[in-house]
file query-v7.cif (mmCIF, C-alpha atoms)
data_structure
#
loop_
_atom_site.group_PDB
_atom_site.id
_atom_site.type_symbol
_atom_site.label_atom_id
_atom_site.label_comp_id
_atom_site.auth_asym_id
_atom_site.auth_seq_id
_atom_site.Cartn_x
_atom_site.Cartn_y
_atom_site.Cartn_z
ATOM 1 C CA MET A 1 -25.321 -30.096 1.441
ATOM 2 C CA LYS A 2 -24.397 -28.325 4.646
ATOM 3 C CA LEU A 3 -21.630 -29.366 7.010
ATOM 4 C CA LYS A 4 -22.321 -29.950 10.690
ATOM 5 C CA ASN A 5 -21.234 -27.061 12.928
ATOM 6 C CA TYR A 6 -19.043 -25.625 10.198
ATOM 7 C CA LYS A 7 -19.056 -22.092 11.590
ATOM 8 C CA GLN A 8 -17.929 -23.273 15.032
ATOM 9 C CA ARG A 9 -15.223 -25.407 13.492
ATOM 10 C CA ILE A 10 -13.808 -22.528 11.474
ATOM 11 C CA GLU A 11 -14.011 -20.190 14.454
ATOM 12 C CA SER A 12 -12.044 -22.689 16.520
ATOM 13 C CA ILE A 13 -8.994 -22.446 14.219
ATOM 14 C CA PRO A 14 -6.294 -20.512 16.099
ATOM 15 C CA GLU A 15 -5.586 -17.045 14.752
ATOM 16 C CA SER A 16 -1.919 -17.995 14.329
ATOM 17 C CA THR A 17 -2.861 -20.875 11.989
ATOM 18 C CA ASN A 18 -5.087 -18.610 9.910
ATOM 19 C CA ARG A 19 -2.235 -16.130 9.579
ATOM 20 C CA GLU A 20 0.191 -18.897 8.651
ATOM 21 C CA VAL A 21 -2.137 -20.120 5.895
ATOM 22 C CA LYS A 22 -2.664 -16.606 4.578
ATOM 23 C CA HIS A 23 1.059 -15.794 4.568
ATOM 24 C CA SER A 24 1.890 -19.082 2.811
ATOM 25 C CA LEU A 25 -0.616 -18.445 0.030
ATOM 26 C CA ASP A 26 0.297 -14.755 -0.223
ATOM 27 C CA ILE A 27 3.959 -15.639 -0.750
ATOM 28 C CA LEU A 28 3.051 -18.246 -3.357
ATOM 29 C CA ASP A 29 0.782 -15.790 -5.191
ATOM 30 C CA ARG A 30 3.435 -13.072 -5.098
ATOM 31 C CA ILE A 31 6.106 -15.406 -6.503
ATOM 32 C CA HIS A 32 3.778 -16.327 -9.360
ATOM 33 C CA GLU A 33 3.006 -12.666 -9.992
ATOM 34 C CA LEU A 34 6.709 -11.788 -10.134
ATOM 35 C CA LEU A 35 7.594 -14.805 -12.273
ATOM 36 C CA LEU A 36 5.046 -13.633 -14.826
ATOM 37 C CA GLU A 37 6.073 -9.982 -14.595
ATOM 38 C CA LYS A 38 9.858 -10.434 -14.671
ATOM 39 C CA PHE A 39 10.395 -13.690 -16.568
ATOM 40 C CA GLY A 40 7.245 -14.027 -18.663
ATOM 41 C CA GLY A 41 6.165 -16.950 -16.466
ATOM 42 C CA LYS A 42 9.169 -19.034 -17.548
ATOM 43 C CA GLN A 43 10.636 -21.078 -14.681
ATOM 44 C CA LYS A 44 13.650 -21.903 -16.810
ATOM 45 C CA LEU A 45 14.730 -18.251 -16.970
ATOM 46 C CA LEU A 46 14.422 -17.885 -13.198
ATOM 47 C CA ALA A 47 16.393 -21.115 -12.710
ATOM 48 C CA GLU A 48 19.179 -19.770 -14.946
ATOM 49 C CA LYS A 49 19.242 -16.448 -13.111
ATOM 50 C CA MET A 50 19.494 -18.193 -9.744
ATOM 51 C CA GLY A 51 21.873 -20.942 -10.845
ATOM 52 C CA LYS A 52 19.379 -23.604 -9.747
ATOM 53 C CA THR A 53 17.845 -26.582 -11.499
ATOM 54 C CA GLU A 54 14.446 -26.154 -13.062
ATOM 55 C CA ALA A 55 13.166 -28.996 -10.848
ATOM 56 C CA GLU A 56 14.094 -27.047 -7.733
ATOM 57 C CA ILE A 57 12.430 -23.888 -9.009
ATOM 58 C CA SER A 58 9.368 -25.920 -9.979
ATOM 59 C CA LYS A 59 9.095 -27.157 -6.399
ATOM 60 C CA TRP A 60 9.035 -23.562 -5.152
ATOM 61 C CA ILE A 61 6.607 -22.357 -7.795
ATOM 62 C CA ASN A 62 4.199 -25.225 -7.240
ATOM 63 C CA GLY A 63 4.042 -24.622 -3.533
ATOM 64 C CA ASN A 64 5.665 -27.881 -2.375
ATOM 65 C CA HIS A 65 8.151 -25.991 -0.270
ATOM 66 C CA ASN A 66 8.448 -24.262 3.062
ATOM 67 C CA PHE A 67 10.327 -21.067 2.394
ATOM 68 C CA THR A 68 13.168 -19.935 4.602
ATOM 69 C CA MET A 69 14.167 -16.287 4.826
ATOM 70 C CA LYS A 70 17.265 -17.207 2.876
ATOM 71 C CA THR A 71 15.293 -18.611 -0.057
ATOM 72 C CA ILE A 72 12.897 -15.675 -0.050
ATOM 73 C CA SER A 73 15.820 -13.252 -0.037
ATOM 74 C CA LYS A 74 17.460 -15.065 -2.950
ATOM 75 C CA LEU A 75 14.205 -14.999 -4.888
ATOM 76 C CA GLU A 76 13.777 -11.296 -4.149
ATOM 77 C CA ALA A 77 17.290 -10.658 -5.446
ATOM 78 C CA ALA A 78 16.579 -12.646 -8.622
ATOM 79 C CA PHE A 79 13.300 -10.824 -9.223
ATOM 80 C CA GLY A 80 14.712 -7.449 -8.221
ATOM 81 C CA ALA A 81 11.516 -6.861 -6.282
ATOM 82 C CA PRO A 82 10.212 -7.639 -2.803
ATOM 83 C CA ILE A 83 8.133 -10.718 -2.022
ATOM 84 C CA ILE A 84 7.339 -9.846 1.578
ATOM 85 C CA ALA A 85 6.891 -6.487 3.289
ATOM 86 C CA VAL A 86 7.394 -5.854 6.978
ATOM 87 C CA CYS A 87 5.859 -3.063 9.021
ATOM 88 C CA THR A 88 8.856 -0.924 9.859
ATOM 89 C CA SER A 89 9.840 2.588 10.875
ATOM 90 C CA ASP A 90 13.057 2.331 8.869
ATOM 91 C CA ALA A 91 13.559 5.662 7.118
ATOM 92 C CA ASN A 92 15.376 3.931 4.287
ATOM 93 C CA ALA A 93 12.664 1.401 3.590
ATOM 94 C CA ASP A 94 11.868 1.390 -0.100
ATOM 95 C CA PHE A 95 8.089 1.481 0.099
ATOM 96 C CA GLU A 96 7.829 2.600 -3.488
ATOM 97 C CA GLN A 97 8.668 -0.905 -4.688
ATOM 98 C CA VAL A 98 6.006 -2.664 -2.692
ATOM 99 C CA LYS A 99 2.546 -2.772 -4.195
ATOM 100 C CA LEU A 100 0.454 -2.839 -1.062
ATOM 101 C CA PRO A 101 -2.403 -0.563 -0.066
ATOM 102 C CA PHE A 102 -0.773 0.610 3.150
ATOM 103 C CA ASN A 103 1.978 2.320 1.167
ATOM 104 C CA THR A 104 -0.606 4.409 -0.619
ATOM 105 C CA LEU A 105 -2.042 5.210 2.761
ATOM 106 C CA HIS A 106 1.359 6.321 4.063
ATOM 107 C CA LYS A 107 1.756 8.650 1.138
ATOM 108 C CA THR A 108 -1.742 10.008 1.512
ATOM 109 C CA VAL A 109 -1.246 10.703 5.174
ATOM 110 C CA PHE A 110 1.920 12.586 4.435
ATOM 111 C CA VAL A 111 0.402 14.672 1.677
ATOM 112 C CA SER A 112 -2.611 15.644 3.715
ATOM 113 C CA GLU A 113 -0.449 16.579 6.676
ATOM 114 C CA ALA A 114 2.276 18.289 4.704
ATOM 115 C CA GLY A 115 2.362 21.232 7.032
ATOM 116 C CA LEU A 116 3.020 19.192 10.136
ATOM 117 C CA LYS A 117 6.419 18.697 11.755
ATOM 118 C CA GLU A 118 8.121 16.542 9.208
ATOM 119 C CA GLU A 119 11.309 16.203 11.174
ATOM 120 C CA GLU A 120 9.448 14.346 13.883
ATOM 121 C CA HIS A 121 8.428 11.688 11.360
ATOM 122 C CA PRO A 122 11.672 10.627 9.751
ATOM 123 C CA SER A 123 10.029 7.597 8.161
ATOM 124 C CA PHE A 124 7.925 9.921 6.037
ATOM 125 C CA THR A 125 10.882 12.048 4.898
ATOM 126 C CA ASP A 126 12.058 9.373 2.540
ATOM 127 C CA ILE A 127 8.597 8.878 1.140
ATOM 128 C CA LYS A 128 8.480 12.555 0.226
ATOM 129 C CA MET A 129 11.350 11.923 -2.162
ATOM 130 C CA THR A 130 9.376 9.203 -3.911
ATOM 131 C CA LEU A 131 6.363 11.399 -4.649
ATOM 132 C CA ALA A 132 5.607 12.001 -8.290
ATOM 133 C CA ASP A 133 5.982 15.559 -9.651
ATOM 134 C CA GLU A 134 2.239 16.024 -9.935
ATOM 135 C CA ASP A 135 1.798 15.097 -6.280
ATOM 136 C CA ILE A 136 4.398 17.665 -5.250
ATOM 137 C CA ALA A 137 2.748 20.273 -7.454
ATOM 138 C CA GLU A 138 -0.570 19.481 -5.819
ATOM 139 C CA MET A 139 0.973 19.964 -2.375
ATOM 140 C CA SER A 140 2.186 23.445 -3.256
ATOM 141 C CA ILE A 141 -1.338 24.450 -4.375
ATOM 142 C CA MET B 1 -21.262 -47.437 -9.930
ATOM 143 C CA VAL B 2 -23.330 -44.241 -9.787
ATOM 144 C CA VAL B 3 -21.635 -41.102 -8.461
ATOM 145 C CA TYR B 4 -23.858 -38.274 -7.294
ATOM 146 C CA PHE B 5 -22.483 -34.728 -6.920
ATOM 147 C CA GLU B 6 -23.664 -31.938 -4.694
ATOM 148 C CA LEU B 7 -22.419 -28.476 -3.772
ATOM 149 C CA ILE B 8 -20.995 -27.964 -0.281
ATOM 150 C CA GLU B 9 -22.850 -24.776 0.601
ATOM 151 C CA ASP B 10 -20.522 -23.764 3.424
ATOM 152 C CA LEU B 11 -17.483 -23.798 1.156
ATOM 153 C CA CYS B 12 -18.872 -22.119 -1.953
ATOM 154 C CA SER B 13 -18.271 -18.487 -2.820
ATOM 155 C CA GLU B 14 -18.457 -16.141 -5.786
ATOM 156 C CA ARG B 15 -15.022 -17.380 -6.794
ATOM 157 C CA VAL B 16 -15.426 -21.099 -6.508
ATOM 158 C CA ASP B 17 -18.046 -23.854 -6.546
ATOM 159 C CA ILE B 18 -16.957 -26.668 -4.254
ATOM 160 C CA TYR B 19 -18.650 -30.028 -4.640
ATOM 161 C CA THR B 20 -18.432 -33.407 -3.058
ATOM 162 C CA ALA B 21 -19.538 -36.815 -4.328
ATOM 163 C CA ARG B 22 -21.580 -39.705 -2.969
ATOM 164 C CA LEU B 23 -21.069 -43.230 -4.203
ATOM 165 C CA GLY B 24 -24.039 -45.429 -4.996
ATOM 166 C CA ASP B 25 -26.298 -45.839 -1.962
ATOM 167 C CA ALA B 26 -23.778 -44.543 0.570
ATOM 168 C CA MET B 27 -25.281 -42.552 3.431
ATOM 169 C CA LEU B 28 -22.593 -39.897 3.496
ATOM 170 C CA PHE B 29 -20.798 -37.833 0.911
ATOM 171 C CA GLU B 30 -17.069 -38.451 0.577
ATOM 172 C CA TYR B 31 -16.082 -35.093 2.076
ATOM 173 C CA GLU B 32 -18.526 -35.585 4.947
ATOM 174 C CA LYS B 33 -16.684 -38.795 5.833
ATOM 175 C CA TYR B 34 -13.412 -36.873 5.975
ATOM 176 C CA TYR B 35 -15.010 -33.952 7.817
ATOM 177 C CA ASP B 36 -16.361 -36.250 10.541
ATOM 178 C CA LYS B 37 -12.967 -37.846 11.275
ATOM 179 C CA GLU B 38 -11.276 -36.864 14.518
ATOM 180 C CA PHE B 39 -7.547 -36.600 13.632
ATOM 181 C CA ALA B 40 -6.821 -36.022 17.326
ATOM 182 C CA ARG B 41 -3.032 -36.209 16.814
ATOM 183 C CA HIS B 42 -3.161 -34.059 13.698
ATOM 184 C CA LYS B 43 -5.426 -31.251 14.827
ATOM 185 C CA GLU B 44 -3.031 -28.514 13.766
ATOM 186 C CA GLU B 45 -2.713 -29.987 10.304
ATOM 187 C CA ARG B 46 -6.457 -30.359 9.907
ATOM 188 C CA ASP B 47 -6.908 -26.738 10.997
ATOM 189 C CA PHE B 48 -4.327 -25.778 8.370
ATOM 190 C CA ILE B 49 -6.317 -27.586 5.640
ATOM 191 C CA ASP B 50 -9.580 -25.996 6.815
ATOM 192 C CA GLY B 51 -7.796 -22.631 6.713
ATOM 193 C CA VAL B 52 -6.613 -23.265 3.153
ATOM 194 C CA LEU B 53 -10.175 -24.098 2.085
ATOM 195 C CA GLU B 54 -11.371 -20.830 3.626
ATOM 196 C CA GLU B 55 -8.698 -18.945 1.647
ATOM 197 C CA ILE B 56 -9.655 -20.825 -1.531
ATOM 198 C CA LYS B 57 -13.143 -19.372 -1.096
ATOM 199 C CA LEU B 58 -11.556 -15.939 -1.462
ATOM 200 C CA ARG B 59 -8.852 -16.687 -4.042
ATOM 201 C CA GLY B 60 -10.243 -19.509 -6.162
ATOM 202 C CA ALA B 61 -8.969 -23.070 -6.501
ATOM 203 C CA LEU B 62 -5.658 -22.138 -8.110
ATOM 204 C CA LYS B 63 -3.457 -25.029 -9.214
ATOM 205 C CA ARG B 64 -0.543 -23.930 -7.037
ATOM 206 C CA TYR B 65 -2.540 -24.467 -3.837
ATOM 207 C CA PHE B 66 -2.781 -28.210 -4.454
ATOM 208 C CA ARG B 67 -0.498 -31.202 -4.282
ATOM 209 C CA ASN B 68 -0.248 -32.961 -7.629
ATOM 210 C CA GLU B 69 -1.550 -36.526 -7.406
ATOM 211 C CA GLY B 70 -1.490 -37.485 -11.072
ATOM 212 C CA PRO B 71 -4.888 -36.800 -12.618
ATOM 213 C CA ALA B 72 -6.251 -35.896 -9.178
ATOM 214 C CA ASP B 73 -5.074 -33.477 -6.465
ATOM 215 C CA ALA B 74 -4.741 -33.349 -2.707
ATOM 216 C CA LEU B 75 -4.458 -30.955 0.203
ATOM 217 C CA PRO B 76 -2.356 -29.783 1.878
ATOM 218 C CA ASN B 77 0.284 -28.790 -0.621
ATOM 219 C CA ALA B 78 3.022 -27.692 1.738
ATOM 220 C CA VAL B 79 2.549 -27.741 5.488
ATOM 221 C CA PRO B 80 4.730 -25.830 7.918
ATOM 222 C CA ASP B 81 7.983 -27.628 8.868
ATOM 223 C CA GLU B 82 6.911 -27.691 12.502
ATOM 224 C CA ILE B 83 3.918 -29.871 11.602
ATOM 225 C CA VAL B 84 6.018 -32.105 9.339
ATOM 226 C CA ARG B 85 8.480 -32.692 12.196
ATOM 227 C CA SER B 86 5.670 -33.570 14.588
ATOM 228 C CA ASN B 87 4.390 -36.307 12.229
ATOM 229 C CA LYS B 88 6.960 -38.872 13.340
ATOM 230 C CA ASP B 89 4.967 -42.005 12.563
ATOM 231 C CA ASP B 90 3.265 -40.945 9.361
ATOM 232 C CA GLN B 91 3.264 -38.458 6.527
ATOM 233 C CA GLY B 92 0.335 -36.399 7.683
ATOM 234 C CA ILE B 93 -3.154 -35.894 6.363
ATOM 235 C CA ARG B 94 -4.079 -36.192 2.708
ATOM 236 C CA LEU B 95 -7.442 -34.846 1.614
ATOM 237 C CA TYR B 96 -7.969 -36.058 -1.929
ATOM 238 C CA CYS B 97 -9.756 -33.804 -4.355
ATOM 239 C CA ILE B 98 -10.135 -32.968 -8.031
ATOM 240 C CA ARG B 99 -9.422 -29.416 -9.141
ATOM 241 C CA LEU B 100 -11.183 -29.063 -12.463
ATOM 242 C CA ALA B 101 -10.735 -25.309 -12.885
ATOM 243 C CA ASP B 102 -9.991 -22.227 -10.798
ATOM 244 C CA ASN B 103 -13.716 -22.108 -10.039
ATOM 245 C CA VAL B 104 -14.571 -25.816 -9.765
ATOM 246 C CA LEU B 105 -13.288 -28.130 -7.063
ATOM 247 C CA ILE B 106 -14.526 -31.549 -5.946
ATOM 248 C CA LEU B 107 -13.552 -32.585 -2.412
ATOM 249 C CA LEU B 108 -13.390 -36.299 -1.677
ATOM 250 C CA ASN B 109 -12.264 -38.370 1.308
ATOM 251 C CA GLY B 110 -8.884 -38.487 3.009
ATOM 252 C CA ASP B 111 -6.982 -39.824 5.968
ATOM 253 C CA ILE B 112 -3.536 -40.055 7.544
ATOM 254 C CA LYS B 113 -0.962 -41.282 5.049
ATOM 255 C CA THR B 114 1.406 -43.863 6.499
ATOM 256 C CA ALA B 115 3.461 -44.920 3.470
ATOM 257 C CA GLN B 116 5.370 -43.051 0.810
ATOM 258 C CA ASN B 117 3.338 -44.698 -1.916
ATOM 259 C CA PRO B 118 -0.373 -44.040 -1.316
ATOM 260 C CA LYS B 119 -1.238 -47.410 -2.870
ATOM 261 C CA GLU B 120 0.672 -49.066 -0.026
ATOM 262 C CA CYS B 121 -1.059 -47.106 2.723
ATOM 263 C CA PRO B 122 -4.057 -48.917 4.248
ATOM 264 C CA ASN B 123 -5.603 -45.599 5.287
ATOM 265 C CA VAL B 124 -5.552 -43.628 2.064
ATOM 266 C CA ARG B 125 -5.280 -46.321 -0.617
ATOM 267 C CA LYS B 126 -8.971 -46.478 -1.510
ATOM 268 C CA HIS B 127 -9.437 -42.691 -1.346
ATOM 269 C CA PHE B 128 -6.399 -42.164 -3.560
ATOM 270 C CA LEU B 129 -7.519 -44.765 -6.113
ATOM 271 C CA PHE B 130 -11.077 -43.443 -6.232
ATOM 272 C CA ALA B 131 -9.805 -39.889 -6.775
ATOM 273 C CA GLN B 132 -7.621 -41.134 -9.635
ATOM 274 C CA GLN B 133 -10.470 -43.090 -11.223
ATOM 275 C CA LEU B 134 -12.976 -40.247 -10.940
ATOM 276 C CA ALA B 135 -10.511 -37.621 -12.180
ATOM 277 C CA ARG B 136 -9.688 -39.681 -15.268
ATOM 278 C CA PHE B 137 -13.355 -40.273 -15.948
ATOM 279 C CA LEU B 138 -14.306 -36.600 -15.532
ATOM 280 C CA THR B 139 -11.608 -35.401 -17.911
ATOM 281 C CA THR B 140 -13.251 -37.406 -20.715
ATOM 282 C CA TYR B 141 -16.787 -36.733 -19.509
ATOM 283 C CA ILE B 142 -16.338 -32.947 -19.485
ATOM 284 C CA TYR B 143 -14.943 -33.045 -23.002
ATOM 285 C CA GLU B 144 -17.587 -35.384 -24.405
ATOM 286 C CA GLU B 145 -20.532 -33.701 -22.699
ATOM 287 C CA ARG B 146 -19.158 -30.264 -23.600
ATOM 288 C CA ILE B 147 -19.554 -29.009 -20.047
ATOM 289 C CA ASP B 148 -18.731 -25.312 -19.807
ATOM 290 C CA MET B 149 -17.365 -25.066 -16.278
ATOM 291 C CA VAL B 150 -16.542 -21.370 -16.502
ATOM 292 C CA ASN B 151 -19.886 -20.054 -17.706
ATOM 293 C CA ASP B 152 -22.258 -22.783 -16.517
ATOM 294 C CA ARG B 153 -22.180 -22.369 -12.760
ATOM 295 C CA TYR B 154 -23.237 -25.273 -10.594
ATOM 296 C CA CYS B 155 -22.845 -27.575 -13.609
ATOM 297 C CA PHE B 156 -22.249 -30.610 -11.381
ATOM 298 C CA HIS B 157 -24.847 -29.826 -8.724
ATOM 299 C CA LYS B 158 -27.227 -32.769 -8.182
ATOM 300 C CA LYS B 159 -25.718 -34.507 -11.188
ATOM 301 C CA GLU B 160 -25.560 -38.312 -11.381
ATOM 302 C CA ILE B 161 -22.843 -39.964 -13.394
ATOM 303 C CA GLU B 162 -22.391 -43.646 -14.141
ATOM 304 C CA LEU B 163 -18.716 -44.335 -13.478
#
call {"tool": "encode", "arguments": {"input": "query-v7.cif", "output": "C-alpha cells"}}
result
Amino acid sequence: MKLKNYKQRIESIPESTNREVKHSLDILDRIHELLLEKFGGKQKLLAEKMGKTEAEISKWINGNHNFTMKTISKLEAAFGAPIIAVCTSDANADFEQVKLPFNTLHKTVFVSEAGLKEEEHPSFTDIKMTLADEDIAEMSI
Amino acid sequence: MVVYFELIEDLCSERVDIYTARLGDAMLFEYEKYYDKEFARHKEERDFIDGVLEEIKLRGALKRYFRNEGPADALPNAVPDEIVRSNKDDQGIRLYCIRLADNVLILLNGDIKTAQNPKECPNVRKHFLFAQQLARFLTTYIYEERIDMVNDRYCFHKKEIEL
C-alpha cells in the first residue's frame, strides 16, 4: 500500500526536528556501541562504575530518557570515550578518540598539505602528533 | 477475525520491511487510520515520530528505538522534554506497533494517550489491546509456521491470518 502525499508530509518536517531525531538516535546507538565495547554489553558493570542502579542505567540504554549534558558527560567519563563530537577549532581537541569520518578527512588534509604554513593552522598541529609512524614516514617521502 | 497484512511501500527499505494490518472487512489499514489523523495540537510530536520512521528506514527497527509495551511496542520512545512539557492535558501520541526483528516491523493504529494506564484511556485503549493481542498471537504463529523473517523477505506481505 502507498500512503497519501507521503513525500510532501516528510518534506514538511522542519529541519530542526529531523536533526533532533537523528541526534537522539545517534547518541543511543553510540551508547550501545560503547557499552558493548567497554563493558561487554553488561548494564550491571556500567551501573557499578557509575554508582547508579541498574534500573536507571536500563532507562538510558533503552532510550526512555532525554539526556542532559551532565548525563552524557558522566557516561563519557565512565566509558572513557566520547559519545558526542562537536565541530571545534580547539587545538587540544582529542580527535584521535572520535571515530567519525571527518577526523580522517582532517588528517588527510593535513598530510596532503604538509608543506603549507602549519603555524597558521594551530588546530592541525595537534593532529600531527597523533599521526602513526607510517604516515609520518610517508610524508617525508 | 481475519487480519490481512501488507507492506507500506513508502516506509520500506533495504534494511527493514514495514507492514501494516487490516482487520476483517475494514476499509483502511490500521496505520492508514493513524496516518490520516490530524493531531493539530501535537504536530511537533507527530513530525518527530515520522522522523524516527524515516531514520528506521536507514538503521533498521532496532529494539532501543521503541517503547516497550509488553509483547507489543510503541513510538515514540523518548520525546524531547520541550514536547513533554507542552503536553499539559495528556501524555502525548502513542503509535502502537510490533517489532518482530530488526528488519520486520508492523505499524498499527495510535492516538493521544490521556491516562497513565493505556487500558483506562478512551483514545488508545482499543489500539493498545489489539497490539497486545496480535503480538501474542504472532509470537506463537511465527514459531509454529517456522517463518524465517531474516531470510524470507516480505514474509507477511498479502498474508491473511485468522486471529
call {"tool": "closest_residue", "arguments": {"input": "query-v7.cif", "among": "B:Ile49, B:Val84, B:Ala61, B:Lys158", "to": "Tyr35 in chain B", "atoms": "all atoms listed in the file"}}
result
B:Ile49
call {"tool": "resolve_selection", "arguments": {"input": "query-v7.cif", "expression": "the PyMOL selection byres ((chain B) within 12 of (chain A))", "output": "JSON, numbers by chain"}}
result
{"B": [5, 6, 7, 8, 9, 10, 11, 12, 18, 19, 20, 21, 22, 28, 29, 30, 31, 32, 33, 34, 35, 36, 43, 44, 45, 46, 47, 48, 49, 50, 51, 52, 53, 54, 55, 56, 58, 59, 60, 61, 62, 63, 64, 65, 66, 67, 68, 74, 75, 76, 77, 78, 79, 80, 81, 82, 83, 84, 157, 158]}
call {"tool": "residues_around", "arguments": {"input": "query-v7.cif", "residues": "Val124 in chain B", "least_positions_apart": "5", "cutoff": "7 Å", "atoms": "only C-alpha atoms", "output": "short mmCIF file (atom, residue, chain, number, x, y, z; two decimals) with C-alpha atoms, in the coordinates of the input"}}
result
data_model
loop_
_atom_site.label_atom_id
_atom_site.label_comp_id
_atom_site.auth_asym_id
_atom_site.auth_seq_id
_atom_site.Cartn_x
_atom_site.Cartn_y
_atom_site.Cartn_z
CA GLY B 110 -8.88 -38.49 3.01
CA ASP B 111 -6.98 -39.82 5.97
CA ILE B 112 -3.54 -40.06 7.54
CA LYS B 113 -0.96 -41.28 5.05
CA PRO B 118 -0.37 -44.04 -1.32
#
call {"tool": "atom_distance", "arguments": {"input": "query-v7.cif", "atom1": "CA of Ala81 in chain A", "atom2": "CA of Lys38 in chain A"}}
result
9.3 Å
call {"tool": "atom_distance", "arguments": {"input": "query-v7.cif", "atom1": "CA of Ser58 in chain A", "atom2": "CA of Ala135 in chain B"}}
result
23.2 Å
call {"tool": "decode", "arguments": {"input": "query-v7.cif", "residues": "range 9-59 of chain A", "atoms": "C-alpha atoms", "output": "CSV table (one decimal), in the first residue's frame"}}
result
chain,number,residue,atom,x,y,z
A,9,ARG,CA,4.5,15.1,4.5
A,10,ILE,CA,8.1,14.1,5.1
A,11,GLU,CA,9.3,17.2,3.3
A,12,SER,CA,7.2,19.4,5.6
A,13,ILE,CA,9.0,18.2,8.7
A,14,PRO,CA,11.2,21.1,10.0
A,15,GLU,CA,14.9,20.6,9.5
A,16,SER,CA,15.4,21.1,13.2
A,17,THR,CA,13.1,18.2,14.1
A,18,ASN,CA,15.0,15.9,11.6
A,19,ARG,CA,18.3,16.9,13.3
A,20,GLU,CA,16.8,16.3,16.7
A,21,VAL,CA,15.7,12.8,15.7
A,22,LYS,CA,19.0,12.0,14.2
A,23,HIS,CA,21.0,13.2,17.2
A,24,SER,CA,18.8,11.3,19.6
A,25,LEU,CA,19.2,8.0,17.7
A,26,ASP,CA,22.9,8.7,17.1
A,27,ILE,CA,23.5,9.1,20.9
A,28,LEU,CA,21.5,6.0,21.7
A,29,ASP,CA,23.5,4.0,19.1
A,30,ARG,CA,26.8,5.3,20.3
A,31,ILE,CA,25.9,4.4,24.0
A,32,HIS,CA,25.1,0.9,22.9
A,33,GLU,CA,28.3,0.6,20.9
A,34,LEU,CA,30.4,1.8,23.9
A,35,LEU,CA,28.5,-0.5,26.3
A,36,LEU,CA,29.4,-3.4,24.1
A,37,GLU,CA,33.0,-2.3,23.6
A,38,LYS,CA,33.9,-1.3,27.1
A,39,PHE,CA,31.6,-3.5,29.3
A,40,GLY,CA,30.8,-6.4,27.1
A,41,GLY,CA,27.2,-5.2,26.8
A,42,LYS,CA,26.6,-5.6,30.5
A,43,GLN,CA,24.5,-2.8,32.0
A,44,LYS,CA,25.3,-4.0,35.5
A,45,LEU,CA,29.0,-3.3,35.1
A,46,LEU,CA,28.3,0.2,33.8
A,47,ALA,CA,25.9,0.8,36.8
A,48,GLU,CA,28.6,-0.3,39.2
A,49,LYS,CA,31.2,2.0,37.5
A,50,MET,CA,28.8,5.0,37.7
A,51,GLY,CA,27.4,4.2,41.2
A,52,LYS,CA,23.9,4.1,39.7
A,53,THR,CA,21.1,1.5,39.9
A,54,GLU,CA,20.8,-1.0,37.1
A,55,ALA,CA,17.2,0.3,36.6
A,56,GLU,CA,18.4,3.8,36.0
A,57,ILE,CA,21.1,2.6,33.5
A,58,SER,CA,18.5,0.4,31.8
A,59,LYS,CA,16.3,3.5,31.2
